[in-house]
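Reproduced below: start-v7.pdb, with PDB, C-alpha atoms.
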```pdb
ATOM      1  CA  MET A   1     148.824 -41.382  78.930
ATOM      2  CA  THR A   2     147.138 -43.837  81.261
ATOM      3  CA  VAL A   3     143.590 -42.745  80.405
ATOM      4  CA  GLY A   4     141.989 -45.658  78.638
ATOM      5  CA  LEU A   5     139.653 -45.923  75.694
ATOM      6  CA  ASN A   6     136.632 -46.316  77.957
ATOM      7  CA  ALA A   7     137.122 -42.849  79.451
ATOM      8  CA  PHE A   8     136.967 -41.276  75.998
ATOM      9  CA  ILE A   9     133.896 -43.307  75.079
ATOM     10  CA  LEU A  10     132.349 -42.263  78.391
ATOM     11  CA  VAL A  11     132.859 -38.589  77.544
ATOM     12  CA  ALA A  12     131.477 -39.144  74.034
ATOM     13  CA  GLY A  13     128.428 -40.926  75.409
ATOM     14  CA  MET A  14     127.786 -38.157  77.924
ATOM     15  CA  LEU A  15     128.042 -35.555  75.144
ATOM     16  CA  PHE A  16     125.577 -37.546  73.059
ATOM     17  CA  ALA A  17     123.167 -37.779  76.014
ATOM     18  CA  ILE A  18     123.392 -34.024  76.632
ATOM     19  CA  GLY A  19     122.677 -33.375  72.956
ATOM     20  CA  LEU A  20     119.664 -35.679  73.113
ATOM     21  CA  LEU A  21     118.436 -33.839  76.198
ATOM     22  CA  GLY A  22     118.673 -30.564  74.295
ATOM     23  CA  VAL A  23     116.724 -31.963  71.354
ATOM     24  CA  LEU A  24     113.962 -33.229  73.636
ATOM     25  CA  LEU A  25     113.816 -30.267  75.992
ATOM     26  CA  ARG A  26     114.096 -27.060  74.036
ATOM     27  CA  LYS A  27     111.490 -25.141  72.069
ATOM     28  CA  ASN A  28     113.791 -23.020  69.949
ATOM     29  CA  THR A  29     114.540 -24.704  66.618
ATOM     30  CA  LEU A  30     117.999 -23.123  66.481
ATOM     31  CA  VAL A  31     118.974 -24.570  69.869
ATOM     32  CA  ILE A  32     117.598 -27.974  68.816
ATOM     33  CA  TYR A  33     119.795 -27.723  65.735
ATOM     34  CA  MET A  34     122.849 -26.877  67.863
ATOM     35  CA  SER A  35     122.104 -29.917  70.013
ATOM     36  CA  LEU A  36     122.082 -32.050  66.873
ATOM     37  CA  GLU A  37     125.536 -30.678  66.059
ATOM     38  CA  LEU A  38     126.607 -31.637  69.576
ATOM     39  CA  MET A  39     125.492 -35.221  68.980
ATOM     40  CA  LEU A  40     127.439 -35.351  65.704
ATOM     41  CA  ASN A  41     130.435 -34.025  67.600
ATOM     42  CA  ALA A  42     130.108 -36.780  70.209
ATOM     43  CA  VAL A  43     130.182 -39.389  67.447
ATOM     44  CA  ASN A  44     133.295 -37.703  66.033
ATOM     45  CA  LEU A  45     134.988 -37.966  69.414
ATOM     46  CA  ALA A  46     134.143 -41.666  69.710
ATOM     47  CA  LEU A  47     135.443 -42.346  66.188
ATOM     48  CA  VAL A  48     138.736 -40.553  66.830
ATOM     49  CA  ALA A  49     139.226 -42.441  70.110
ATOM     50  CA  PHE A  50     138.542 -45.806  68.458
ATOM     51  CA  SER A  51     140.866 -44.898  65.586
ATOM     52  CA  ARG A  52     143.691 -43.947  67.956
ATOM     53  CA  TYR A  53     143.380 -47.066  70.085
ATOM     54  CA  ASN A  54     142.985 -49.340  67.069
ATOM     55  CA  GLY A  55     146.064 -47.909  65.378
ATOM     56  CA  THR A  56     144.369 -47.250  62.053
ATOM     57  CA  MET A  57     143.662 -44.021  60.222
ATOM     58  CA  ASP A  58     140.187 -44.928  58.945
ATOM     59  CA  GLY A  59     138.226 -43.464  61.863
ATOM     60  CA  ASN A  60     139.962 -40.125  61.398
ATOM     61  CA  LEU A  61     138.944 -40.122  57.739
ATOM     62  CA  PHE A  62     135.343 -40.873  58.669
ATOM     63  CA  VAL A  63     135.452 -37.884  61.015
ATOM     64  CA  PHE A  64     136.787 -35.783  58.137
ATOM     65  CA  PHE A  65     133.796 -36.760  56.000
ATOM     66  CA  ILE A  66     131.359 -36.257  58.887
ATOM     67  CA  ILE A  67     132.641 -32.722  59.457
ATOM     68  CA  THR A  68     132.227 -31.936  55.751
ATOM     69  CA  VAL A  69     128.688 -33.307  55.627
ATOM     70  CA  ALA A  70     127.793 -31.526  58.883
ATOM     71  CA  ALA A  71     128.932 -28.199  57.458
ATOM     72  CA  ALA A  72     126.759 -28.705  54.360
ATOM     73  CA  GLU A  73     123.853 -29.823  56.546
ATOM     74  CA  VAL A  74     124.113 -26.744  58.764
ATOM     75  CA  ALA A  75     124.007 -24.452  55.745
ATOM     76  CA  VAL A  76     120.892 -26.134  54.316
ATOM     77  CA  GLY A  77     119.151 -26.418  57.684
ATOM     78  CA  LEU A  78     119.687 -22.789  58.615
ATOM     79  CA  ALA A  79     118.408 -21.710  55.202
ATOM     80  CA  ILE A  80     115.264 -23.774  55.837
ATOM     81  CA  ILE A  81     114.851 -22.212  59.301
ATOM     82  CA  VAL A  82     115.179 -18.715  57.840
ATOM     83  CA  ALA A  83     112.584 -19.553  55.180
ATOM     84  CA  LEU A  84     110.314 -20.902  57.924
ATOM     85  CA  PHE A  85     110.711 -17.747  59.974
ATOM     86  CA  ARG A  86     109.869 -15.664  56.925
ATOM     87  CA  LYS A  87     106.646 -17.610  56.458
ATOM     88  CA  ARG A  88     105.487 -18.099  60.084
ATOM     89  CA  GLN A  89     107.302 -15.320  62.016
ATOM     90  CA  SER A  90     108.355 -17.869  64.642
ATOM     91  CA  VAL A  91     110.873 -20.665  65.061
ATOM     92  CA  MET A  92     109.445 -22.160  68.259
ATOM     93  CA  VAL A  93     108.432 -25.760  67.702
ATOM     94  CA  ASP A  94     105.146 -25.413  69.630
ATOM     95  CA  ASN A  95     103.992 -22.869  67.038
ATOM     96  CA  LEU A  96     104.847 -25.158  64.127
ATOM     97  CA  ASN A  97     101.852 -27.474  64.499
ATOM     98  CA  ALA A  98     100.034 -26.902  61.211
ATOM     99  CA  LEU A  99      99.835 -30.643  60.501
ATOM    100  CA  SER A 100      98.111 -31.449  63.812
ATOM    101  CA  ARG A 101      95.075 -29.265  63.217
TER     102      ARG A 101
ATOM    103  CA  MET B   1     150.210 -34.619  83.235
ATOM    104  CA  LEU B   2     148.272 -35.729  80.162
ATOM    105  CA  ASP B   3     145.712 -37.397  82.414
ATOM    106  CA  ILE B   4     145.054 -34.133  84.233
ATOM    107  CA  LEU B   5     144.704 -32.381  80.863
ATOM    108  CA  PHE B   6     142.210 -34.998  79.723
ATOM    109  CA  TYR B   7     140.077 -34.585  82.834
ATOM    110  CA  VAL B   8     140.177 -30.786  82.564
ATOM    111  CA  PHE B   9     139.186 -30.739  78.889
ATOM    112  CA  ALA B  10     136.510 -33.405  79.350
ATOM    113  CA  ALA B  11     135.005 -31.386  82.203
ATOM    114  CA  VAL B  12     135.110 -28.170  80.143
ATOM    115  CA  THR B  13     133.447 -29.908  77.183
ATOM    116  CA  LEU B  14     130.686 -31.545  79.201
ATOM    117  CA  ILE B  15     129.897 -28.555  81.425
ATOM    118  CA  SER B  16     129.744 -26.082  78.550
ATOM    119  CA  ALA B  17     127.577 -28.503  76.547
ATOM    120  CA  LEU B  18     125.179 -28.739  79.495
ATOM    121  CA  LEU B  19     125.178 -24.954  79.827
ATOM    122  CA  MET B  20     124.329 -24.689  76.127
ATOM    123  CA  VAL B  21     121.327 -26.964  76.566
ATOM    124  CA  LEU B  22     120.074 -25.204  79.703
ATOM    125  CA  SER B  23     120.775 -21.528  78.982
ATOM    126  CA  PRO B  24     117.604 -19.513  78.219
ATOM    127  CA  ASN B  25     119.381 -17.145  75.863
ATOM    128  CA  ALA B  26     120.274 -18.664  72.489
ATOM    129  CA  VAL B  27     123.293 -16.374  72.022
ATOM    130  CA  ASN B  28     124.789 -17.480  75.347
ATOM    131  CA  GLY B  29     124.111 -21.040  74.281
ATOM    132  CA  ALA B  30     126.028 -20.529  71.040
ATOM    133  CA  ILE B  31     129.014 -19.116  72.946
ATOM    134  CA  CYS B  32     128.967 -22.121  75.301
ATOM    135  CA  MET B  33     128.795 -24.353  72.223
ATOM    136  CA  ILE B  34     131.991 -22.758  70.878
ATOM    137  CA  VAL B  35     133.730 -23.510  74.195
ATOM    138  CA  SER B  36     132.499 -27.098  73.976
ATOM    139  CA  PHE B  37     133.865 -27.468  70.436
ATOM    140  CA  VAL B  38     137.239 -26.065  71.487
ATOM    141  CA  GLY B  39     137.318 -28.566  74.361
ATOM    142  CA  THR B  40     136.602 -31.377  71.908
ATOM    143  CA  ALA B  41     139.433 -30.130  69.699
ATOM    144  CA  ALA B  42     141.750 -30.270  72.739
ATOM    145  CA  ILE B  43     140.717 -33.896  73.338
ATOM    146  CA  PHE B  44     141.498 -34.551  69.651
ATOM    147  CA  VAL B  45     144.997 -33.178  70.322
ATOM    148  CA  LEU B  46     145.334 -35.570  73.265
ATOM    149  CA  LEU B  47     144.372 -38.389  70.887
ATOM    150  CA  GLU B  48     147.129 -37.175  68.503
ATOM    151  CA  ALA B  49     144.693 -36.229  65.736
ATOM    152  CA  TYR B  50     146.263 -32.816  65.215
ATOM    153  CA  PHE B  51     144.872 -32.231  61.737
ATOM    154  CA  LEU B  52     141.338 -32.996  62.889
ATOM    155  CA  ALA B  53     141.759 -30.631  65.842
ATOM    156  CA  VAL B  54     142.645 -27.802  63.453
ATOM    157  CA  ILE B  55     139.726 -28.729  61.178
ATOM    158  CA  GLN B  56     137.414 -28.827  64.179
ATOM    159  CA  ILE B  57     138.414 -25.325  65.266
ATOM    160  CA  LEU B  58     138.237 -23.929  61.725
ATOM    161  CA  VAL B  59     135.018 -25.539  60.529
ATOM    162  CA  TYR B  60     132.950 -26.063  63.682
ATOM    163  CA  ALA B  61     134.056 -23.325  66.079
ATOM    164  CA  GLY B  62     134.697 -20.975  63.197
ATOM    165  CA  ALA B  63     132.375 -21.334  60.240
ATOM    166  CA  VAL B  64     129.428 -23.281  61.632
ATOM    167  CA  MET B  65     129.054 -21.397  64.905
ATOM    168  CA  VAL B  66     129.510 -18.015  63.235
ATOM    169  CA  LEU B  67     126.682 -18.983  60.885
ATOM    170  CA  PHE B  68     124.564 -20.013  63.881
ATOM    171  CA  LEU B  69     125.259 -16.754  65.737
ATOM    172  CA  PHE B  70     124.486 -14.782  62.601
ATOM    173  CA  ILE B  71     121.105 -16.497  62.158
ATOM    174  CA  ILE B  72     120.233 -16.251  65.883
ATOM    175  CA  MET B  73     120.930 -12.520  65.913
ATOM    176  CA  LEU B  74     119.206 -12.030  62.550
ATOM    177  CA  LEU B  75     115.975 -13.754  63.605
ATOM    178  CA  ASP B  76     115.937 -12.285  67.149
ATOM    179  CA  VAL B  77     113.809 -15.132  68.487
ATOM    180  CA  ASP B  78     114.208 -14.369  72.211
ATOM    181  CA  LYS B  79     111.947 -11.361  72.275
ATOM    182  CA  ASP B  80     108.825 -13.096  73.628
ATOM    183  CA  GLY B  81     109.252 -13.700  77.345
ATOM    184  CA  ARG B  82     107.631 -17.122  77.502
ATOM    185  CA  SER B  83     109.264 -20.272  78.782
ATOM    186  CA  TYR B  84     112.083 -21.647  76.674
ATOM    187  CA  LEU B  85     111.347 -25.232  77.709
ATOM    188  CA  LYS B  86     108.483 -27.411  76.615
ATOM    189  CA  ASP B  87     105.554 -28.276  78.891
ATOM    190  CA  LYS B  88     105.975 -30.033  82.245
ATOM    191  CA  MET B  89     105.220 -33.521  80.947
ATOM    192  CA  THR B  90     107.956 -33.314  78.305
ATOM    193  CA  LEU B  91     110.305 -31.782  80.871
ATOM    194  CA  ALA B  92     109.814 -34.669  83.293
ATOM    195  CA  GLY B  93     110.161 -37.233  80.539
ATOM    196  CA  SER B  94     113.337 -35.652  79.158
ATOM    197  CA  ILE B  95     114.999 -35.409  82.568
ATOM    198  CA  THR B  96     114.090 -39.000  83.408
ATOM    199  CA  GLY B  97     115.316 -40.301  80.078
ATOM    200  CA  PHE B  98     118.534 -38.305  80.346
ATOM    201  CA  SER B  99     119.194 -39.652  83.856
ATOM    202  CA  LEU B 100     118.580 -43.237  82.781
ATOM    203  CA  LEU B 101     120.819 -42.838  79.715
ATOM    204  CA  THR B 102     123.551 -41.249  81.850
ATOM    205  CA  ILE B 103     123.412 -44.064  84.394
ATOM    206  CA  LEU B 104     123.572 -46.614  81.589
ATOM    207  CA  ILE B 105     126.608 -44.964  79.977
ATOM    208  CA  VAL B 106     128.460 -44.501  83.264
ATOM    209  CA  THR B 107     127.906 -48.068  84.422
ATOM    210  CA  ALA B 108     128.783 -49.466  81.011
ATOM    211  CA  PHE B 109     132.041 -47.613  80.474
ATOM    212  CA  SER B 110     133.478 -46.804  83.901
ATOM    213  CA  GLY B 111     132.943 -50.031  85.812
ATOM    214  CA  GLY B 112     136.106 -51.683  84.544
ATOM    215  CA  ASN B 113     134.174 -54.660  83.202
ATOM    216  CA  LEU B 114     135.030 -53.891  79.590
ATOM    217  CA  PRO B 115     138.381 -54.817  78.007
ATOM    218  CA  GLU B 116     140.796 -51.906  78.001
ATOM    219  CA  PRO B 117     142.843 -51.840  74.798
ATOM    220  CA  THR B 118     146.406 -50.668  75.049
ATOM    221  CA  LEU B 119     147.607 -47.556  73.280
ATOM    222  CA  VAL B 120     149.322 -48.330  69.977
ATOM    223  CA  PRO B 121     152.686 -46.537  69.791
ATOM    224  CA  VAL B 122     152.555 -44.064  66.959
ATOM    225  CA  SER B 123     155.864 -42.212  66.981
ATOM    226  CA  ALA B 124     157.684 -45.056  65.226
ATOM    227  CA  ASN B 125     156.326 -44.246  61.765
ATOM    228  CA  PRO B 126     155.316 -40.616  61.491
ATOM    229  CA  GLU B 127     156.592 -40.407  57.910
ATOM    230  CA  MET B 128     155.131 -43.675  56.678
ATOM    231  CA  SER B 129     152.730 -42.328  54.122
ATOM    232  CA  ALA B 130     155.128 -39.623  53.001
ATOM    233  CA  GLN B 131     157.768 -42.249  52.265
ATOM    234  CA  GLN B 132     155.247 -44.367  50.437
ATOM    235  CA  VAL B 133     154.192 -41.441  48.316
ATOM    236  CA  LEU B 134     157.556 -39.805  47.722
ATOM    237  CA  SER B 135     159.940 -42.730  47.316
ATOM    238  CA  GLY B 136     157.549 -44.902  45.351
ATOM    239  CA  SER B 137     157.339 -44.617  41.619
ATOM    240  CA  LEU B 138     153.979 -44.365  39.920
ATOM    241  CA  GLY B 139     153.778 -48.095  39.309
ATOM    242  CA  GLU B 140     154.509 -48.889  42.923
ATOM    243  CA  PHE B 141     151.972 -46.262  43.905
ATOM    244  CA  ALA B 142     149.315 -47.906  41.778
ATOM    245  CA  SER B 143     150.138 -51.352  43.083
ATOM    246  CA  SER B 144     149.818 -50.222  46.688
ATOM    247  CA  ALA B 145     146.283 -48.948  46.165
ATOM    248  CA  PRO B 146     144.536 -52.347  45.790
ATOM    249  CA  GLU B 147     146.198 -53.433  49.027
ATOM    250  CA  PHE B 148     144.180 -50.764  50.815
ATOM    251  CA  ALA B 149     141.117 -51.610  48.776
ATOM    252  CA  THR B 150     141.023 -55.114  50.209
ATOM    253  CA  GLY B 151     140.055 -53.724  53.590
ATOM    254  CA  ALA B 152     143.379 -53.477  55.398
ATOM    255  CA  GLY B 153     143.456 -50.453  57.675
ATOM    256  CA  ILE B 154     145.746 -47.535  57.008
ATOM    257  CA  PRO B 155     148.350 -47.283  59.790
ATOM    258  CA  PHE B 156     147.818 -44.448  62.226
ATOM    259  CA  THR B 157     150.104 -41.478  61.666
ATOM    260  CA  THR B 158     150.014 -37.956  63.008
ATOM    261  CA  SER B 159     150.923 -36.267  59.733
ATOM    262  CA  ALA B 160     148.370 -34.569  57.504
ATOM    263  CA  LYS B 161     149.998 -36.246  54.500
ATOM    264  CA  SER B 162     148.358 -39.544  55.312
ATOM    265  CA  PHE B 163     144.987 -37.793  55.050
ATOM    266  CA  GLY B 164     145.691 -36.747  51.502
ATOM    267  CA  TYR B 165     147.136 -40.124  50.627
ATOM    268  CA  SER B 166     144.105 -41.970  51.964
ATOM    269  CA  LEU B 167     141.609 -39.550  50.451
ATOM    270  CA  PHE B 168     142.997 -40.116  46.982
ATOM    271  CA  THR B 169     143.480 -43.896  47.183
ATOM    272  CA  LYS B 170     141.146 -45.822  49.474
ATOM    273  CA  TYR B 171     138.485 -43.150  49.926
ATOM    274  CA  MET B 172     138.423 -41.743  46.405
ATOM    275  CA  LEU B 173     134.720 -42.416  45.769
ATOM    276  CA  PRO B 174     133.441 -40.959  49.099
ATOM    277  CA  PHE B 175     135.673 -37.951  48.493
ATOM    278  CA  GLN B 176     134.083 -37.285  45.105
ATOM    279  CA  VAL B 177     130.581 -37.895  46.462
ATOM    280  CA  THR B 178     131.249 -35.436  49.298
ATOM    281  CA  GLY B 179     132.351 -32.820  46.802
ATOM    282  CA  PHE B 180     129.160 -33.340  44.820
ATOM    283  CA  LEU B 181     127.140 -33.163  48.045
ATOM    284  CA  LEU B 182     128.693 -29.788  48.861
ATOM    285  CA  LEU B 183     127.726 -28.536  45.398
ATOM    286  CA  ALA B 184     124.161 -29.804  45.848
ATOM    287  CA  ALA B 185     123.952 -28.175  49.298
ATOM    288  CA  MET B 186     125.159 -24.866  47.902
ATOM    289  CA  ILE B 187     122.580 -24.879  45.112
ATOM    290  CA  GLY B 188     119.892 -25.965  47.570
ATOM    291  CA  VAL B 189     120.678 -23.114  49.948
ATOM    292  CA  ILE B 190     120.511 -20.592  47.122
ATOM    293  CA  VAL B 191     117.143 -21.947  45.946
ATOM    294  CA  VAL B 192     115.644 -22.121  49.462
ATOM    295  CA  SER B 193     116.757 -18.688  50.585
ATOM    296  CA  LYS B 194     115.823 -16.918  47.357
ATOM    297  CA  LYS B 195     112.991 -14.461  47.791
ATOM    298  CA  HIS B 196     109.857 -15.622  46.049
ATOM    299  CA  ASN B 197     108.651 -13.210  43.435
ATOM    300  CA  GLU B 198     104.958 -13.349  42.568
ATOM    301  CA  ALA B 199     105.511 -12.099  39.023
ATOM    302  CA  SER B 200     108.154 -14.676  38.236
ATOM    303  CA  ASN B 201     106.061 -17.383  39.893
ATOM    304  CA  GLU B 202     103.473 -17.309  37.158
ATOM    305  CA  SER B 203     105.836 -17.490  34.218
TER     306      SER B 203
END
```

Rewrite the structure of this file - the entire thing - as structure tokens.
Amino acid sequence: MTVGLNAFILVAGMLFAIGLLGVLLRKNTLVIYMSLELMLNAVNLALVAFSRYNGTMDGNLFVFFIITVAAAEVAVGLAIIVALFRKRQSVMVDNLNALSR
Amino acid sequence: MLDILFYVFAAVTLISALLMVLSPNAVNGAICMIVSFVGTAAIFVLLEAYFLAVIQILVYAGAVMVLFLFIIMLLDVDKDGRSYLKDKMTLAGSITGFSLLTILIVTAFSGGNLPEPTLVPVSANPEMSAQQVLSGSLGEFASSAPEFATGAGIPFTTSAKSFGYSLFTKYMLPFQVTGFLLLAAMIGVIVVSKKHNEASNES
């Protein structure tokens, strides 16, 4: 394969930027949360690429741990969002401004 | 051939990620997200991380996104017909910041001004860790663990055996901590999502 490391890092950086755009742009808390997952995924991609081109297994193991922690984080975060919806009947971030009043 | 596959999968990943961010319907966004995760798993296969590709499909595209879809459909948040984006000021700022970040990334990584490391051949030792585990006695096994603990990297292999070997030698403590974290997350989810009872609140 003649595709170099920089191409993979480029794709990972673009994915991270798209995830950041989603976090900044969207109102729906669930979509913001999915964008956060996208950013984690971009970091995973960068770690795997570095691990492959460095010839060591450590980056792959970091990705293994990141996936585990991300799964736990998604479970907790979605439970919090459901609890929030139960209390406020909305998950849009422009309705969640109780601290600013 | 592999180059064409890389470009195809990178395009699929990026375009479906962008569609996820920009689609007004959250369910459509979740479906696009699944496509993006599958594309990332395909890039993992191109990087010869086969085990991680399987884990990515199972955990991310399977468990996590099914949970997301379940919550999106349960909450039914798309029923009010207002705009799904924030106000115009935030919109302009986000687009400008995204463009600047994209230009920065593209100029940094595609200009050819960075050193391009060569691909390490990996097919020479696919059974390295298996041989270390199987042929070594227990004493040899124990003596090989501090060698990893000094910071030397584990050689890259494509087999899933090296994952298990590394998890139980060099990364034993993070492995245990991750297990405890999963337990804490499970208990936390149960506590958060439990329905509050007024009668039991007072006792």

The PyMOL selection byres ((chain A and resi 63-68) around 8) on the file shown: which residues, as a PDB file with C-alpha atoms, keeping the file's coordinate frame?
```pdb
ATOM      1  CA  LEU A  40     127.439 -35.351  65.704  1.00  0.00           C
ATOM      2  CA  ASN A  44     133.295 -37.703  66.033  1.00  0.00           C
ATOM      3  CA  LEU A  47     135.443 -42.346  66.188  1.00  0.00           C
ATOM      4  CA  VAL A  48     138.736 -40.553  66.830  1.00  0.00           C
ATOM      5  CA  GLY A  59     138.226 -43.464  61.863  1.00  0.00           C
ATOM      6  CA  ASN A  60     139.962 -40.125  61.398  1.00  0.00           C
ATOM      7  CA  LEU A  61     138.944 -40.122  57.739  1.00  0.00           C
ATOM      8  CA  PHE A  62     135.343 -40.873  58.669  1.00  0.00           C
ATOM      9  CA  VAL A  69     128.688 -33.307  55.627  1.00  0.00           C
ATOM     10  CA  ALA A  70     127.793 -31.526  58.883  1.00  0.00           C
ATOM     11  CA  ALA A  71     128.932 -28.199  57.458  1.00  0.00           C
ATOM     12  CA  ALA A  72     126.759 -28.705  54.360  1.00  0.00           C
TER      13      ALA A  72
ATOM     14  CA  LEU B  52     141.338 -32.996  62.889  1.00  0.00           C
ATOM     15  CA  GLN B  56     137.414 -28.827  64.179  1.00  0.00           C
ATOM     16  CA  VAL B  59     135.018 -25.539  60.529  1.00  0.00           C
ATOM     17  CA  TYR B  60     132.950 -26.063  63.682  1.00  0.00           C
ATOM     18  CA  PHE B 175     135.673 -37.951  48.493  1.00  0.00           C
ATOM     19  CA  THR B 178     131.249 -35.436  49.298  1.00  0.00           C
TER      20      THR B 178
END
```

Task: Result set, the PyMOL selection byres ((chain B) within 6 of (chain A)) on current file, as a ChimeraX atom specification - done: /B:2,21,84-86,109,119-120,153-156,182,185,189,193

Open item on the list: Suppose a student applies the PyMOL selection byres ((chain B and resi 16) around 8) to this structure; what residues should they get, written as number ranges by chain?
Closed with: B: 12-15, 17-20, 32-33, 35-36

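If you look at CA of Val27 (chain B) and CA of Val192 (chain B), they are 24.5 Å away from each other.
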
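Between CA of Leu104 (chain B) and CA of Ala53 (chain B) the separation is 28.9 Å.
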
Task: Atom-to-atom span, CA of Ile34 (chain B) and CA of Ile4 (chain B), Å - done: 21.9 Å

Go ahead and fit an axis-aligned box to every listed atom of region 41-57 of chain A plus 6 Å each side, and pass me the centre and edge lengths in Å, one decimal, as lines of an AutoDock Vina configuration file.
```
center_x = 138.1
center_y = -41.7
center_z = 65.2
size_x = 28.0
size_y = 27.3
size_z = 22.0
```

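The residue that comes closest to Ser162 (chain B), out of B:Phe51, B:Gly93, B:Leu183, B:Ala61 and on the basis of all atoms listed in the file, is B:Phe51.
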